[in-house]
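File shown: target.txt (compact mmCIF, C-alpha atoms).
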```txt
# COMPACT_ATOMS: atom_id res chain seq x y z
CA GLY A 1 156.90 74.79 148.73
CA GLN A 2 160.13 76.16 150.27
CA GLY A 3 158.82 79.68 150.78
CA LYS A 4 160.89 81.08 147.91
CA GLU A 5 158.52 80.58 144.97
CA GLU A 6 157.37 83.53 142.89
CA PRO A 7 153.65 84.39 143.27
CA GLY A 8 153.04 83.69 139.59
CA HIS A 9 154.56 80.23 139.88
CA LEU A 10 152.44 79.45 142.94
CA VAL A 11 149.28 80.48 141.07
CA GLU A 12 150.29 78.27 138.12
CA CYS A 13 150.85 75.29 140.44
CA ALA A 14 147.51 75.90 142.14
CA GLY A 15 145.83 75.98 138.72
CA LEU A 16 147.39 72.63 137.81
CA ALA A 17 146.16 71.10 141.07
CA LEU A 18 142.68 72.53 140.41
CA THR A 19 142.62 70.98 136.94
CA ALA A 20 143.66 67.61 138.39
CA SER A 21 140.98 67.83 141.10
CA LYS A 22 138.22 68.15 138.50
CA SER A 23 138.91 64.64 137.21
CA ALA A 24 139.79 63.14 140.59
CA GLU A 25 137.79 60.36 142.20
CA PRO A 26 135.84 60.79 144.37
CA ALA A 27 134.51 64.17 143.23
CA GLY A 28 135.67 67.01 145.44
CA LYS A 29 138.84 65.21 146.52
CA LEU A 30 141.59 67.53 147.77
CA VAL A 31 144.53 67.47 145.35
CA TYR A 32 148.00 68.87 146.04
CA TYR A 33 150.36 70.06 143.33
CA GLN A 34 152.94 67.51 142.21
CA PRO A 35 155.71 68.24 139.64
CA PRO A 36 154.53 65.43 137.27
CA MET A 37 151.30 67.41 136.78
CA GLN A 38 153.20 69.95 134.69
CA GLU A 39 154.56 67.24 132.37
CA ALA A 40 151.07 65.70 132.03
CA ILE A 41 149.59 69.09 131.07
CA ARG A 42 152.33 69.66 128.48
CA ASN A 43 151.70 66.23 126.98
CA ARG A 44 147.96 66.87 126.71
CA LEU A 45 148.50 70.30 125.12
CA ALA A 46 150.88 68.77 122.58
CA MET A 47 148.20 66.24 121.62
CA VAL A 48 145.51 68.83 120.86
CA PRO A 49 146.58 69.90 117.31
CA LEU A 50 147.32 66.26 116.45
CA LEU A 51 143.86 65.17 117.64
CA ARG A 52 142.15 67.85 115.56
CA GLN A 53 143.86 66.51 112.42
CA ALA A 54 143.51 62.82 113.26
CA VAL A 55 139.99 62.34 111.87
CA GLU A 56 140.88 63.94 108.51
CA ARG A 57 144.04 61.84 108.32
CA GLU A 58 142.08 58.64 109.06
CA GLU A 59 144.22 57.77 112.06
CA PHE A 60 141.38 56.37 114.18
CA GLU A 61 140.30 52.75 114.15
CA LEU A 62 137.55 50.76 115.84
CA TYR A 63 138.04 47.42 117.51
CA PHE A 64 135.03 45.33 118.49
CA GLN A 65 134.33 43.37 121.64
CA PRO A 66 131.44 40.87 121.61
CA MET A 67 128.51 40.99 124.01
CA VAL A 68 127.49 37.39 124.75
CA GLN A 69 124.28 36.07 126.30
CA LEU A 70 125.68 33.81 129.04
CA ASP A 71 122.89 31.24 129.18
CA THR A 72 122.97 30.57 125.41
CA LEU A 73 126.54 31.75 124.56
CA GLN A 74 125.06 33.55 121.55
CA ILE A 75 126.58 36.85 120.46
CA GLN A 76 124.00 39.60 120.91
CA GLY A 77 126.10 42.45 119.63
CA VAL A 78 129.42 44.26 119.92
CA GLU A 79 130.91 47.20 121.76
CA SER A 80 133.02 49.59 119.70
CA LEU A 81 136.46 50.34 121.15
CA LEU A 82 138.34 53.37 119.84
CA ARG A 83 142.07 53.28 119.03
CA TRP A 84 144.27 56.10 117.74
CA ASN A 85 147.08 55.04 115.41
CA GLN A 86 149.25 58.05 116.15
CA PRO A 87 152.12 58.19 113.63
CA ALA A 88 154.80 59.14 116.18
CA ALA A 89 153.61 57.28 119.28
CA GLY A 90 151.99 54.19 117.78
CA GLN A 91 148.59 52.83 118.77
CA LEU A 92 147.07 54.69 121.72
CA LEU A 93 144.23 53.55 123.97
CA PRO A 94 141.42 55.98 124.90
CA GLY A 95 142.85 56.52 128.38
CA GLN A 96 145.91 58.04 126.75
CA PHE A 97 144.11 60.71 124.71
CA ILE A 98 140.42 61.08 125.67
CA GLU A 99 141.14 63.63 128.41
CA ALA A 100 142.94 65.87 125.92
CA ALA A 101 140.09 65.37 123.44
CA LEU A 102 137.51 66.38 126.05
CA GLU A 103 139.42 69.43 127.25
CA SER A 104 140.07 70.70 123.71
CA GLY A 105 136.61 69.95 122.27
CA ALA A 106 138.15 67.59 119.69
CA ILE A 107 135.92 64.87 121.15
CA VAL A 108 132.97 66.22 119.16
CA GLY A 109 134.57 65.48 115.78
CA ILE A 110 135.86 62.13 117.02
CA GLY A 111 132.42 61.17 118.29
CA GLU A 112 130.85 62.08 114.95
CA TRP A 113 133.37 59.84 113.17
CA VAL A 114 132.60 56.95 115.54
CA ALA A 115 128.84 57.37 115.00
CA ARG A 116 129.26 57.22 111.21
CA GLN A 117 131.35 54.06 111.38
CA VAL A 118 129.02 52.31 113.82
CA CYS A 119 125.92 53.18 111.79
CA ARG A 120 127.53 51.69 108.66
CA CYS A 121 128.44 48.51 110.53
CA SER A 122 124.95 48.22 112.01
CA GLN A 123 123.30 48.49 108.61
CA ARG A 124 125.38 45.55 107.35
CA THR A 125 124.92 43.22 110.33
CA GLN A 126 121.36 43.52 111.67
CA PRO A 127 119.94 42.30 114.01
CA TYR A 128 123.13 42.53 116.09
CA LEU A 129 123.42 45.39 118.56
CA TRP A 130 126.18 47.95 118.00
CA SER A 131 127.29 49.91 121.04
CA MET A 132 129.27 53.17 121.06
CA ASN A 133 130.49 55.50 123.80
CA LEU A 134 129.45 59.14 123.69
CA SER A 135 130.48 61.78 126.21
CA ALA A 136 128.14 64.23 127.90
CA GLN A 137 130.15 66.98 126.21
CA GLU A 138 129.10 65.63 122.79
CA LEU A 139 125.48 65.12 123.79
CA VAL A 140 124.99 68.70 125.01
CA GLN A 141 126.17 70.24 121.73
CA ALA A 142 123.36 72.27 120.20
CA ASN A 143 123.60 70.40 116.87
CA PHE A 144 124.18 66.93 118.35
CA MET A 145 120.95 65.30 117.15
CA ARG A 146 121.26 66.83 113.69
CA ARG A 147 124.74 65.31 113.32
CA PHE A 148 123.63 61.97 114.77
CA ILE A 149 120.64 61.77 112.42
CA ARG A 150 122.95 62.66 109.52
CA ALA A 151 125.13 59.66 110.42
CA ILE A 152 122.04 57.41 110.46
CA GLU A 153 120.85 58.72 107.10
CA ALA A 154 124.30 58.53 105.47
CA ALA A 155 124.44 54.82 106.39
CA GLU A 156 120.85 54.34 105.18
CA LEU A 157 120.26 52.71 108.56
CA ASP A 158 116.74 51.27 108.62
CA HIS A 159 116.70 50.17 112.26
CA PRO A 160 118.35 52.59 114.73
CA GLU A 161 116.89 50.44 117.50
CA PHE A 162 119.94 48.19 117.05
CA LEU A 163 122.19 51.06 118.17
CA VAL A 164 123.23 51.42 121.81
CA VAL A 165 124.63 54.72 123.11
CA GLU A 166 126.74 54.36 126.25
CA ILE A 167 127.23 57.31 128.55
CA SER A 168 129.38 57.07 131.64
CA GLU A 169 127.84 57.40 135.05
CA SER A 170 130.00 60.47 135.71
CA GLY A 171 128.68 62.01 132.50
CA LEU A 172 125.12 61.61 133.76
CA ALA A 173 126.01 63.79 136.75
CA ASN A 174 125.53 66.66 134.30
CA GLN A 175 121.80 67.16 134.81
CA SER A 176 121.40 69.94 132.26
CA ALA A 177 118.18 70.30 130.30
CA ARG A 178 120.14 69.93 127.05
CA LEU A 179 121.55 66.55 128.10
CA ALA A 180 118.10 65.34 129.17
CA SER A 181 116.68 66.50 125.83
CA ALA A 182 119.39 64.67 123.83
CA LEU A 183 118.79 61.41 125.72
CA LYS A 184 115.03 61.75 125.21
CA GLN A 185 115.47 62.33 121.46
CA LEU A 186 117.74 59.30 121.15
CA ARG A 187 115.08 57.15 122.79
CA GLU A 188 112.42 58.59 120.45
CA TRP A 189 114.53 57.37 117.54
CA GLY A 190 114.57 53.92 119.11
CA VAL A 191 118.24 54.10 120.13
CA LYS A 192 118.95 52.18 123.34
CA LEU A 193 120.79 53.74 126.29
CA ALA A 194 123.40 52.14 128.53
CA ILE A 195 124.98 53.46 131.73
CA ASP A 196 128.68 52.68 131.70
CA ASP A 197 130.76 52.01 134.85
CA PHE A 198 127.72 51.72 137.11
CA SER A 199 128.80 52.16 140.76
CA PHE A 200 125.72 51.46 142.90
CA ASP A 201 125.72 54.77 144.76
CA SER A 202 122.54 56.72 145.59
CA VAL A 203 122.95 59.05 142.58
CA SER A 204 123.26 56.05 140.25
CA LEU A 205 120.10 54.44 141.58
CA ARG A 206 118.14 57.68 141.31
CA ARG A 207 119.23 58.16 137.69
CA LEU A 208 118.05 54.65 136.86
CA HIS A 209 114.52 55.65 137.79
CA GLU A 210 114.73 58.89 135.79
CA LEU A 211 116.04 57.41 132.53
CA ASP A 212 114.68 54.78 130.18
CA VAL A 213 117.85 52.67 130.33
CA SER A 214 118.21 49.42 128.39
CA TYR A 215 121.55 48.28 129.85
CA ILE A 216 123.55 48.69 133.05
CA LYS A 217 127.24 48.03 132.50
CA LEU A 218 129.34 46.71 135.38
CA SER A 219 132.97 47.77 135.18
CA HIS A 220 136.04 45.54 135.27
CA GLU A 221 136.55 46.68 138.86
CA VAL A 222 133.35 44.86 139.83
CA THR A 223 133.57 41.76 137.66
CA HIS A 224 137.20 41.11 138.56
CA ARG A 225 136.45 41.15 142.31
CA LEU A 226 133.73 38.53 142.49
CA ASP A 227 135.90 36.45 144.80
CA THR A 228 134.76 38.76 147.61
CA ALA A 229 131.30 38.57 149.19
CA LEU A 230 130.76 42.34 148.95
CA TYR A 231 131.07 42.46 145.17
CA ARG A 232 129.03 39.30 144.69
CA ASN A 233 126.22 40.88 146.69
CA LEU A 234 126.51 44.12 144.73
CA VAL A 235 126.09 42.20 141.49
CA ARG A 236 123.08 40.35 142.88
CA GLY A 237 121.56 43.70 143.81
CA ALA A 238 122.24 45.09 140.35
CA VAL A 239 120.56 42.07 138.73
CA LEU A 240 117.47 42.50 140.92
CA ALA A 241 117.33 46.24 140.14
CA ALA A 242 117.67 45.54 136.42
CA GLU A 243 114.81 43.04 136.52
CA ASP A 244 112.61 45.59 138.28
CA LEU A 245 113.45 48.26 135.67
CA ASN A 246 113.16 45.86 132.71
CA CYS A 247 116.76 46.37 131.60
CA LYS A 248 119.76 44.07 131.25
CA ILE A 249 123.15 43.74 132.88
CA VAL A 250 126.36 43.77 130.82
CA ALA A 251 129.46 42.65 132.68
CA GLU A 252 132.71 43.99 131.25
CA GLY A 253 135.90 41.99 131.30
CA VAL A 254 134.32 38.53 131.32
CA GLU A 255 136.54 36.49 128.98
CA GLN A 256 136.42 32.98 130.44
CA MET A 257 133.70 30.57 131.52
CA GLU A 258 135.00 30.56 135.09
```
Will you turn the file into structure tokens for me?
Amino acid sequence: GQGKEEPGHLVECAGLALTASKSAEPAGKLVYYQPPMQEAIRNRLAMVPLLRQAVEREEFELYFQPMVQLDTLQIQGVESLLRWNQPAAGQLLPGQFIEAALESGAIVGIGEWVARQVCRCSQRTQPYLWSMNLSAQELVQANFMRRFIRAIEAAELDHPEFLVVEISESGLANQSARLASALKQLREWGVKLAIDDFSFDSVSLRRLHELDVSYIKLSHEVTHRLDTALYRNLVRGAVLAAEDLNCKIVAEGVEQME
């Protein structure tokens, strides 16, 4: 600052920097206020009422990305990718609206819509796997399992074991009893679990031993850097860890044979 700011304005700027620091990587990173933060906050706030109406107005759409077994080139299943067809802004990717959905709580209704769609698709295409992303915020809701079971029953889904629930590694940092209970109940229903954006740190490895995980997902950041020895060795380590834990590796962003 220039030493002339009003105390209220300084507090507001500090609050914006605090909000930004909560989503910064790595966790605990020091964040200074920057003027664009104010515009980003305004944009997110403007999205909130639109997000809350978007499910009722059928503005969301799912795209599907295949999961392929590399040695046989057979499709094993698909990952569901959410898109928002926002009337004013056009088609938006999750990175453009998920933060606002999480902050406002709208993510719960969106997640319920995704679960219903995926369950219907799974019932029609067994034995393919159908993968969906759920946030920790959705999983810790008191009525989460009741709503998830309702989606299964509405689709008359006979085999929930063909469902895969992905939760991000950062989401698993929430070690609440409610989150642990939700993950346990999903496994009891036969639903498979996947850790998204696995990063190989000590917390990640410890969580692998605590959870009954079916899939470890390597992010684009890893699979697109295999020209370096470090990342090749990290992938080798992940494969060995997966074999030891009887789970599989899914590499995101692999679209060509070489």
(message) Quick one: residues within 10 Å of Asn174 of chain A, all atoms listed in the file, excluding same-chain residues fewer than 5 positions away - as a PyMOL selection string?
(response) chain A and resi 136-137+140+169+179-180
(request) Mind giving me the straight-line distance from atom CA of Phe198 of chain A to atom CA of Gln175 of chain A in Å, one decimal? (result)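 Atom CA of Gln175 of chain A lies 16.7 Å from atom CA of Phe198 of chain A.
Minimum atom-to-atom distance to Ile249 of chain A, evaluated using all atoms listed in the file, belongs to A:Gln69 out of A:Gln126, A:Leu172, A:Gln69, A:Ala115.
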(message) I'd like the interatomic distance between atom CA of Glu59 of chain A and atom CA of Ser131 of chain A, to a tenth of an Å.
(response) 20.7 Å
(message) Ranking A:Ala106, A:Leu45, A:Val222, A:Leu208 by minimum distance to Asp244 of chain A and counting all atoms listed in the file, which one comes first?
(response) A:Leu208
